[in-house]
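Asker: If you scroll down you'll find the structure; I have some questions about it.
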Amino acid sequence: MSSSSTTTPTTGQNPFWSVEEHLDDILEAVRPLEPIELQLLDAQGCVLVEDVTVPVSLPPFDNSSMDGYAVRVADVVGVSEEFPAVLTVIGDVAAGAGEQPTVGPGQAARIMTGAPLPPGAEAVVPVEWTDGGLGEGPVSGMRAHSAAPEGASGEVRVHRPAEARAHVRARGSDVQAGDRALAAGAVLGPPQIALLAAIGRGTVKVRPRPRVVVMSTGSELIQPGEQLSDGQIYDSNSFALTAAARDAGAIAYRVGAVADDAETLRSTIEDQLIRADLVVTTGGVSVGAYDVVKEALSTIGDPDEEDGIGAGGGVEFRKIAMQPGKPQGFGSIGPDHTPLLALPGNPVSSYVSFELFVRPAIRTLMGLPEVRRPTTRAELLSDKALGSPEGRRQFLRGRYDAEAGRVAPVGGSGSHLIAALAHADALIVIPEDTTSVEPGADVEVVLLG
């Protein structure tokens with residue numbers, strides 16, 4: 001993990017780090033979390049670390065895909081409503097049934113969806129193709145067994161023929177025993193959890209979802225729902241970044257805003273390390289007299305310190321050649337060398353910084369191969385040219401129209417314009433060597449959705 005005494009940008013005398021240099025430094029230091037065995041529901045959202053093979057075929061037996069009657073094909077050849085086959089009903093076959101009746105010539109067994117195909121039967125006739133045992137025309141369904149147990153006996157008239165294996169789900173038609181059910185690297189969502197359960201797996205080996213602690217700093221911040229006083233604003237950053245961390249796949253914990261006091265901040269961070277695989281702070285990283293994150297963390301990293309947040313290394317504060325989000329901090333803290341990313345406090349700056357730096361770190365901790373947001377190219381839809389400061393990579397909020405292949409800016413370039421951010425689904429990227437982009441130009445777009 002980097003420290004302020006050993007790391008410098010590779011751009012010579014340039015005091016600015018590029019976006020790539022800062023991100024590369026983060027990703028070189030962050031390592032995927034160690035795998036653990038988890039119960040299925042606890043593993044949701046985690047990344048599988050080993051191939052899973054199928055121990056038993058799915059379905060494990062031939063079964064019916066319809067409610068109806070299990071029959072022999074020869075008994076229903078050429079039948080019609082005018083000339084139905086009249087078969088003797090020898091019993092019911094329900095899903096989960098154990099012993100099943102054997103269907104002989106001129107016989108049928110009433111069968112339910114998912115129930116095993118009984119011996120002797122070759123096909124299933126849907127109940128809608130029969131009189132349901134009522135001696136009249138076609139019916140639309142079966143009466144409940146509890147209300148009409150006599151339906152499992154008597155006779156049934158079949159009005160339509162059925163080919164061999166009609167409405168029968170064959171054993172192993174989903175997956176065969178020995179097949180690979182899921183490959184290492186799969187993210188376990190609801191369908192994957194369902195498959196694991198279906199093949200009998202109660203636990204699975206995965207990389208756990210990283211635990212991310214998010215905190216804002218600033219004496220001016222108060223909780224939403226409280227009454228604002230002069231000079232106060234609501235804390236939105238910690239809510240935005242906690243939600244963003246969860247969206248990235250993490251288990252995220254939001255900490256209430258910390259006042260502008262270095263010792264309070266150090267103590268708060270130290271208290272949170274027990275539940276953190278990654279710490280994210282927002283605010284207090286610039287050059288002001290009250291930028292307490294920089295004050296509290298830039299001095300830690302004493303090699304003689306045996307515990308506390310300074311024992312893990314140090315946090316370096318940098319200027320990144322980007323707008324918004326120039327001031328950034330990165331390093332490790334605590335005895336477990338927990339990574340910490342310190343983001344600027346302006347709402348747009350913090351969110352853009354999260355997308356560019358924190359999200360990839362979270363995805364790396366999860367062990368995912370693709371950690372960055374996808375990008376594309378699009379035509380700029382704008383009434384006027386977009387300006388950008390020389391030497392900075394600018395990230396403007398935008399709305400992307402995939403069908404038209406166009407992107408339109410939303411709001412201005414100000415790092416406080418959170419209302420515009422709420423309506424954006426993309427970032428328009430203007431390179432460092434470009435100071436103006438004309439309408440209709442081909443631009444790079446980072447997709448946020």
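Residue numbering restarts at 1 in every chain; chains get A, B, ... in the order shown in the structure tokens, and ligands count up from 1 in that same order.
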Using DSSP on the backbone coordinates, identify all residues within region 73-222 of chain A classified as strand (DSSP E or B); present the result as a PyMOL selection string.
Answerer: chain A and resi 85-93+107-111+116+123-126+130+155-158+168-169+175+180-182+187+203-207+211-217+221-222
Asker: Set out as CSV a contact list for region 194-296 of chain A and region 348-361 of chain A with a cut-off of 7 Å, giving each residue of region 194-296 of chain A that qualifies its closest atom pair and distance in Å to one decimal, counting only C-alpha atoms, ordered by chain and rising residue number.
Answerer:
```
residue,atom,partner,partner_atom,distance
A:Leu241,CA,A:Tyr351,CA,6.8
A:Ala245,CA,A:Arg359,CA,7.0
A:Ala248,CA,A:Arg359,CA,6.1
A:Thr282,CA,A:Ser350,CA,6.5
```
Asker: Neighbours of Val445 (chain A) within 7 Å (only C-alpha atoms; same-chain residues fewer than 4 positions away dropped), as a list in words?
Answerer: Thr375, Thr376, Arg377, Ala378, Ala426, Leu427, Ile428 and Val429 of chain A
Asker: Skipping near chain neighbours, those fewer than 4 positions away, what residues fall within 7 Å of Ser153 (chain A) using only C-alpha atoms, listed as a list in words?
Answerer: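 Within the cut-off, the hits are Val89, Ile90 and Gly91 of chain A.
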Asker: So what do you get for CA of Ile320 (chain A) versus CA of Glu20 (chain A), distance-wise?
Answerer: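 A separation of 9.6 Å between them.
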Asker: Please extract the residues of region 239-292 of chain A with a backbone DSSP assignment of helix (DSSP H, G or I) and present them as a list in words.
Answerer: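 Those residues are Phe239, Ala240, Leu241, Thr242, Ala243, Ala244, Ala245, Arg246, Asp247, Ala248, Ala262, Glu263, Thr264, Leu265, Arg266, Ser267, Thr268, Ile269, Glu270, Asp271, Gln272, Leu273, Ile274, Arg275 and Val292 of chain A.
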Asker: Output the selection as a PDB file, in the first residue's frame - C-alpha atoms for each residue.
Answerer:
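The result, stored in selection.pdb:
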```
ATOM      1  CA  PHE A 239     -26.291   8.408   1.668  1.00  0.00           C
ATOM      2  CA  ALA A 240     -25.230   8.584  -1.986  1.00  0.00           C
ATOM      3  CA  LEU A 241     -21.984   6.696  -1.473  1.00  0.00           C
ATOM      4  CA  THR A 242     -23.505   4.063   0.804  1.00  0.00           C
ATOM      5  CA  ALA A 243     -26.144   3.401  -1.857  1.00  0.00           C
ATOM      6  CA  ALA A 244     -23.447   3.361  -4.549  1.00  0.00           C
ATOM      7  CA  ALA A 245     -21.380   0.871  -2.547  1.00  0.00           C
ATOM      8  CA  ARG A 246     -24.376  -1.430  -2.211  1.00  0.00           C
ATOM      9  CA  ASP A 247     -25.071  -1.067  -5.918  1.00  0.00           C
ATOM     10  CA  ALA A 248     -21.474  -2.122  -6.584  1.00  0.00           C
ATOM     11  CA  ALA A 262      -9.182  15.598  13.730  1.00  0.00           C
ATOM     12  CA  GLU A 263      -9.119  13.551  16.921  1.00  0.00           C
ATOM     13  CA  THR A 264     -12.831  12.791  16.725  1.00  0.00           C
ATOM     14  CA  LEU A 265     -12.377  11.633  13.150  1.00  0.00           C
ATOM     15  CA  ARG A 266      -9.399   9.435  14.003  1.00  0.00           C
ATOM     16  CA  SER A 267     -11.324   7.864  16.875  1.00  0.00           C
ATOM     17  CA  THR A 268     -14.409   7.291  14.717  1.00  0.00           C
ATOM     18  CA  ILE A 269     -12.403   5.608  11.975  1.00  0.00           C
ATOM     19  CA  GLU A 270     -10.592   3.454  14.502  1.00  0.00           C
ATOM     20  CA  ASP A 271     -13.912   2.299  15.958  1.00  0.00           C
ATOM     21  CA  GLN A 272     -15.169   1.323  12.487  1.00  0.00           C
ATOM     22  CA  LEU A 273     -12.183  -0.777  11.432  1.00  0.00           C
ATOM     23  CA  ILE A 274     -13.575  -3.896  13.100  1.00  0.00           C
ATOM     24  CA  ARG A 275     -16.304  -4.108  10.444  1.00  0.00           C
ATOM     25  CA  VAL A 292      -9.774  17.495   8.966  1.00  0.00           C
TER      26      VAL A 292
END
```
Asker: Extract, using only C-alpha atoms, all DNA, RNA and protein residues at most 6 Å from region 70-73 of chain A, discarding same-chain residues fewer than 6 positions from it, and format them as an mmCIF file with N, CA and C atoms, in the first residue's frame.
Answerer:
```cif
data_model
loop_
_atom_site.group_PDB
_atom_site.id
_atom_site.type_symbol
_atom_site.label_atom_id
_atom_site.label_comp_id
_atom_site.auth_asym_id
_atom_site.auth_seq_id
_atom_site.Cartn_x
_atom_site.Cartn_y
_atom_site.Cartn_z
ATOM 1 N N ALA A 108 -55.820 -45.352 -17.474
ATOM 2 C CA ALA A 108 -55.187 -44.032 -17.351
ATOM 3 C C ALA A 108 -55.020 -43.733 -15.870
ATOM 4 N N ALA A 109 -54.009 -42.949 -15.543
ATOM 5 C CA ALA A 109 -53.812 -42.473 -14.170
ATOM 6 C C ALA A 109 -53.898 -40.949 -14.187
ATOM 7 N N ALA A 121 -47.113 -45.910 -18.608
ATOM 8 C CA ALA A 121 -47.593 -44.734 -19.334
ATOM 9 C C ALA A 121 -46.525 -44.241 -20.297
ATOM 10 N N GLU A 122 -46.972 -43.706 -21.424
ATOM 11 C CA GLU A 122 -46.052 -43.238 -22.464
ATOM 12 C C GLU A 122 -46.227 -41.759 -22.793
ATOM 13 N N ALA A 123 -47.319 -41.167 -22.344
ATOM 14 C CA ALA A 123 -47.603 -39.770 -22.658
ATOM 15 C C ALA A 123 -48.575 -39.238 -21.620
ATOM 16 N N VAL A 124 -48.737 -37.926 -21.636
ATOM 17 C CA VAL A 124 -49.710 -37.272 -20.761
ATOM 18 C C VAL A 124 -50.695 -36.510 -21.628
#
```
Asker: Quote the spacing between CA of Thr53 (chain A) and CA of Val371 (chain A) in Å to one decimal place.
Answerer: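 Spanning CA of Thr53 (chain A) to CA of Val371 (chain A) is a straight-line distance of 26.9 Å.
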Asker: Considering only C-alpha atoms, return as JSON, numbers by chain whatever protein or nucleic-acid residues lie within 6 Å of Val54 (chain A), sequence-local ones (same chain, fewer than 2 positions apart) excluded.
Answerer: {"A": [56, 177, 178, 179, 181]}
Asker: Would you put the residues from that selection into a file with N, CA, C and O atoms, as a PDB file, in the first residue's frame?
Answerer:
```pdb
ATOM      1  N   VAL A  56     -26.767 -34.754  -9.329  1.00  0.00           N
ATOM      2  CA  VAL A  56     -27.965 -35.510  -9.689  1.00  0.00           C
ATOM      3  C   VAL A  56     -28.643 -34.804 -10.860  1.00  0.00           C
ATOM      4  O   VAL A  56     -28.704 -33.576 -10.914  1.00  0.00           O
ATOM      5  N   ALA A 177     -26.270 -35.314 -14.547  1.00  0.00           N
ATOM      6  CA  ALA A 177     -25.288 -35.544 -13.499  1.00  0.00           C
ATOM      7  C   ALA A 177     -23.889 -35.516 -14.097  1.00  0.00           C
ATOM      8  O   ALA A 177     -23.634 -36.113 -15.146  1.00  0.00           O
ATOM      9  N   GLY A 178     -22.980 -34.780 -13.452  1.00  0.00           N
ATOM     10  CA  GLY A 178     -21.619 -34.634 -13.953  1.00  0.00           C
ATOM     11  C   GLY A 178     -21.396 -33.380 -14.773  1.00  0.00           C
ATOM     12  O   GLY A 178     -20.248 -32.994 -15.019  1.00  0.00           O
ATOM     13  N   ASP A 179     -22.483 -32.717 -15.224  1.00  0.00           N
ATOM     14  CA  ASP A 179     -22.345 -31.457 -15.940  1.00  0.00           C
ATOM     15  C   ASP A 179     -21.824 -30.370 -14.999  1.00  0.00           C
ATOM     16  O   ASP A 179     -21.969 -30.453 -13.776  1.00  0.00           O
ATOM     17  N   ALA A 181     -22.499 -27.087 -13.423  1.00  0.00           N
ATOM     18  CA  ALA A 181     -23.664 -26.235 -13.194  1.00  0.00           C
ATOM     19  C   ALA A 181     -23.291 -24.766 -13.281  1.00  0.00           C
ATOM     20  O   ALA A 181     -23.957 -23.976 -13.957  1.00  0.00           O
TER      21      ALA A 181
END
```
Asker: Quick one: residues within 12 Å of Pro439 (chain A), only C-alpha atoms counted, chain neighbours fewer than 3 positions away excluded, as an NGL selection string?
Answerer: :A and (378-387 or 406-409 or 436 or 442-443)
Asker: So how far away is CA of Glu21 (chain A) from CA of Gly329 (chain A), in Å?
Answerer: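 Taking CA of Gly329 (chain A) and CA of Glu21 (chain A), their separation equals 13.1 Å.
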